[in-house]
Amino acid sequence: PAHARVLDIGCNIGMFGLALSTQIQSYYGFDNNPLLIDVAREIASVREIENCHFECESFEDFSLRNRGRTFDMVLSFAVHVWIGMAPGDYARTLYGLLRPGGILVLESNRLDTNDKDFFRNVRYFLDEGFDVRFCGRLKDDGIIDRGFYVLAKEGRC
């Protein structure tokens with residue numbers, strides 16, 4: 001919805017936020033690579049997009065500075081394996097970042113190598129109170145097999 005506040009964990013160059021910018025209230029994307037954040041900021045500036053904010057920070061730093069902000073949507077695309085949290089802790093943290101009725105889009109990393117337990121680990125998200133809206137597999141580049149879930153936090157936005 002137009003009032004949506006979106007968080008993108010490991011946003012890369014922020015293309016999801018930039019693409020959604022005309023349809024949402026605000027977007028906060030962060031990545032630990034300063035070059036990617038510089039590119040995101042430059043694209044936003046050139047396109048005169050003012051409702052997208054980009055920061056170079058780790059997930060840990062974001063969590064320490066967040067101060068209870070919640071979001072209508074959280075995007076977590078293939079980053080959970082790099083964050084260094086146990087699946088249950090990550091699920092609990094993301095649940096806390098969402099407003100009631102909020103949506104989490106969770107994508108795996110490579111299912112054949114470093115994310116073999118992705119589909120089994122969704123149980124931690126279900127234990128926290130998420131409901132599955134969609135799930136599946138894809139090969140976004142035609143090669144790497146990935147899984148995804150669209151999960152909803154109980155309640156209404």
# chains A, B, ... in the order shown; residues from 1 in each chain; ligands from 1
call {"tool": "select_by_dssp", "arguments": {"residues": "chain A", "states": "strand (DSSP E)", "output": "PyMOL selection string"}}
result
chain A and resi 5-9+26-31+52-56+71-77+98-107+130-138+146-153
call {"tool": "write_last_selection", "arguments": {"atoms": "C-alpha atoms", "output": "PDB file, in the first residue's frame"}}
result
ATOM      1  CA  ARG A   5       7.561   1.257   4.894  1.00  0.00           C
ATOM      2  CA  VAL A   6      10.024  -1.247   3.388  1.00  0.00           C
ATOM      3  CA  LEU A   7      13.286  -2.581   4.838  1.00  0.00           C
ATOM      4  CA  ASP A   8      15.795  -4.285   2.533  1.00  0.00           C
ATOM      5  CA  ILE A   9      18.521  -6.254   4.315  1.00  0.00           C
ATOM      6  CA  SER A  26       9.564   4.898   2.374  1.00  0.00           C
ATOM      7  CA  TYR A  27      12.374   2.437   1.818  1.00  0.00           C
ATOM      8  CA  TYR A  28      15.426   1.775   3.997  1.00  0.00           C
ATOM      9  CA  GLY A  29      18.099  -0.372   2.404  1.00  0.00           C
ATOM     10  CA  PHE A  30      21.441  -1.301   3.862  1.00  0.00           C
ATOM     11  CA  ASP A  31      24.434  -3.298   2.754  1.00  0.00           C
ATOM     12  CA  CYS A  52      14.705   5.802  -0.451  1.00  0.00           C
ATOM     13  CA  HIS A  53      17.428   5.878   2.185  1.00  0.00           C
ATOM     14  CA  PHE A  54      20.624   3.821   1.853  1.00  0.00           C
ATOM     15  CA  GLU A  55      23.184   3.063   4.552  1.00  0.00           C
ATOM     16  CA  CYS A  56      26.444   1.157   4.648  1.00  0.00           C
ATOM     17  CA  PHE A  71       8.181  -2.029   8.757  1.00  0.00           C
ATOM     18  CA  ASP A  72       5.315  -3.199   6.564  1.00  0.00           C
ATOM     19  CA  MET A  73       7.654  -5.300   4.438  1.00  0.00           C
ATOM     20  CA  VAL A  74      11.080  -6.795   4.993  1.00  0.00           C
ATOM     21  CA  LEU A  75      13.159  -8.103   2.088  1.00  0.00           C
ATOM     22  CA  SER A  76      15.840 -10.676   2.917  1.00  0.00           C
ATOM     23  CA  PHE A  77      17.317 -11.903  -0.341  1.00  0.00           C
ATOM     24  CA  LEU A  98       7.483  -6.245  11.083  1.00  0.00           C
ATOM     25  CA  ARG A  99       4.253  -4.506  11.946  1.00  0.00           C
ATOM     26  CA  PRO A 100       1.175  -6.728  12.424  1.00  0.00           C
ATOM     27  CA  GLY A 101       0.103  -7.911   8.985  1.00  0.00           C
ATOM     28  CA  GLY A 102       3.558  -7.188   7.558  1.00  0.00           C
ATOM     29  CA  ILE A 103       5.165  -9.258   4.828  1.00  0.00           C
ATOM     30  CA  LEU A 104       8.572 -10.928   4.815  1.00  0.00           C
ATOM     31  CA  VAL A 105      10.087 -12.019   1.507  1.00  0.00           C
ATOM     32  CA  LEU A 106      12.820 -14.548   2.247  1.00  0.00           C
ATOM     33  CA  GLU A 107      15.076 -15.954  -0.461  1.00  0.00           C
ATOM     34  CA  PHE A 130       4.525 -16.274  10.399  1.00  0.00           C
ATOM     35  CA  ASP A 131       1.986 -17.646   7.920  1.00  0.00           C
ATOM     36  CA  VAL A 132       3.104 -18.900   4.511  1.00  0.00           C
ATOM     37  CA  ARG A 133       1.524 -16.965   1.641  1.00  0.00           C
ATOM     38  CA  PHE A 134       3.695 -18.391  -1.166  1.00  0.00           C
ATOM     39  CA  CYS A 135       6.747 -20.566  -1.499  1.00  0.00           C
ATOM     40  CA  GLY A 136       8.683 -22.120  -4.304  1.00  0.00           C
ATOM     41  CA  ARG A 137      11.917 -22.552  -6.179  1.00  0.00           C
ATOM     42  CA  LEU A 138      13.459 -20.532  -8.962  1.00  0.00           C
ATOM     43  CA  ARG A 146      17.089 -20.929  -5.011  1.00  0.00           C
ATOM     44  CA  GLY A 147      14.075 -21.201  -2.760  1.00  0.00           C
ATOM     45  CA  PHE A 148      11.791 -18.471  -1.511  1.00  0.00           C
ATOM     46  CA  TYR A 149       8.967 -17.786   0.919  1.00  0.00           C
ATOM     47  CA  VAL A 150       6.533 -14.936   1.203  1.00  0.00           C
ATOM     48  CA  LEU A 151       5.527 -14.923   4.858  1.00  0.00           C
ATOM     49  CA  ALA A 152       2.997 -12.790   6.690  1.00  0.00           C
ATOM     50  CA  LYS A 153       3.083 -11.700  10.300  1.00  0.00           C
TER      51      LYS A 153
END
call {"tool": "atom_distance", "arguments": {"atom1": "CA of Arg123 (chain A)", "atom2": "CA of Gly96 (chain A)"}}
result
16.7 Å
call {"tool": "atom_distance", "arguments": {"atom1": "CA of Glu128 (chain A)", "atom2": "CA of Leu94 (chain A)"}}
result
9.5 Å
call {"tool": "atom_distance", "arguments": {"atom1": "CA of Ile13 (chain A)", "atom2": "CA of Tyr124 (chain A)"}}
result
29.1 Å
call {"tool": "select_by_dssp", "arguments": {"residues": "region 1-155 of chain A", "states": "alpha helix (DSSP H)", "output": "PyMOL selection string"}}
result
chain A and resi 15-20+34-46+59-65+80-83+87-97+118-128
call {"tool": "residues_around", "arguments": {"residues": "Gln25 (chain A)", "least_positions_apart": "3", "cutoff": "8 Å", "atoms": "only C-alpha atoms", "output": "number ranges by chain"}}
result
A: 2-5, 21, 51
call {"tool": "residues_around", "arguments": {"residues": "Asp89 (chain A)", "least_positions_apart": "2", "cutoff": "12 Å", "atoms": "only C-alpha atoms", "output": "list in words"}}
result
His80, Ile83, Gly84, Met85, Ala86, Pro87, Ala91, Arg92, Thr93, Leu94, Tyr95, Gly96, Asn121, Tyr124, Phe125, Asp127 and Glu128 of chain A
call {"tool": "write_last_selection", "arguments": {"atoms": "N, CA, C and O atoms", "output": "tab-separated table (two decimals), in the first residue's frame"}}
result
chain	number	residue	atom	x	y	z
A	80	HIS	N	20.72	-14.28	4.73
A	80	HIS	CA	20.69	-14.88	6.07
A	80	HIS	C	21.88	-15.79	6.36
A	80	HIS	O	22.29	-15.91	7.49
A	83	ILE	N	24.80	-13.46	7.69
A	83	ILE	CA	24.58	-12.59	8.86
A	83	ILE	C	25.17	-13.17	10.13
A	83	ILE	O	25.56	-12.44	11.03
A	84	GLY	N	25.25	-14.49	10.22
A	84	GLY	CA	25.88	-15.11	11.38
A	84	GLY	C	24.95	-15.34	12.55
A	84	GLY	O	25.40	-15.46	13.68
A	85	MET	N	23.65	-15.39	12.29
A	85	MET	CA	22.68	-15.68	13.35
A	85	MET	C	22.10	-17.07	13.14
A	85	MET	O	21.94	-17.51	12.00
A	86	ALA	N	21.78	-17.73	14.22
A	86	ALA	CA	21.06	-19.00	14.12
A	86	ALA	C	19.70	-18.73	13.48
A	86	ALA	O	19.12	-17.65	13.67
A	87	PRO	N	19.16	-19.70	12.73
A	87	PRO	CA	17.88	-19.47	12.04
A	87	PRO	C	16.75	-19.02	12.96
A	87	PRO	O	15.97	-18.13	12.61
A	91	ALA	N	14.78	-15.49	12.61
A	91	ALA	CA	13.31	-15.48	12.47
A	91	ALA	C	12.69	-14.57	13.52
A	91	ALA	O	11.82	-13.74	13.21
A	92	ARG	N	13.14	-14.68	14.75
A	92	ARG	CA	12.61	-13.85	15.85
A	92	ARG	C	12.90	-12.38	15.61
A	92	ARG	O	12.04	-11.51	15.81
A	93	THR	N	14.09	-12.07	15.14
A	93	THR	CA	14.48	-10.69	14.87
A	93	THR	C	13.62	-10.10	13.75
A	93	THR	O	13.12	-8.97	13.88
A	94	LEU	N	13.44	-10.84	12.66
A	94	LEU	CA	12.64	-10.33	11.55
A	94	LEU	C	11.18	-10.18	11.95
A	94	LEU	O	10.52	-9.22	11.54
A	95	TYR	N	10.68	-11.09	12.76
A	95	TYR	CA	9.30	-10.98	13.24
A	95	TYR	C	9.13	-9.66	14.00
A	95	TYR	O	8.15	-8.95	13.83
A	96	GLY	N	10.12	-9.33	14.83
A	96	GLY	CA	10.07	-8.09	15.59
A	96	GLY	C	10.19	-6.84	14.75
A	96	GLY	O	9.76	-5.76	15.17
A	121	ASN	N	14.52	-25.06	7.53
A	121	ASN	CA	14.65	-23.98	8.51
A	121	ASN	C	13.45	-23.04	8.55
A	121	ASN	O	13.33	-22.23	9.47
A	124	TYR	N	11.38	-22.40	11.84
A	124	TYR	CA	11.67	-21.38	12.83
A	124	TYR	C	10.79	-20.14	12.62
A	124	TYR	O	10.36	-19.50	13.57
A	125	PHE	N	10.52	-19.82	11.38
A	125	PHE	CA	9.67	-18.68	11.05
A	125	PHE	C	8.21	-19.00	11.39
A	125	PHE	O	7.49	-18.15	11.91
A	127	ASP	N	7.28	-21.09	13.72
A	127	ASP	CA	7.22	-21.10	15.18
A	127	ASP	C	7.07	-19.69	15.75
A	127	ASP	O	6.48	-19.51	16.82
A	128	GLU	N	7.60	-18.69	15.07
A	128	GLU	CA	7.48	-17.31	15.52
A	128	GLU	C	6.09	-16.73	15.27
A	128	GLU	O	5.74	-15.70	15.82
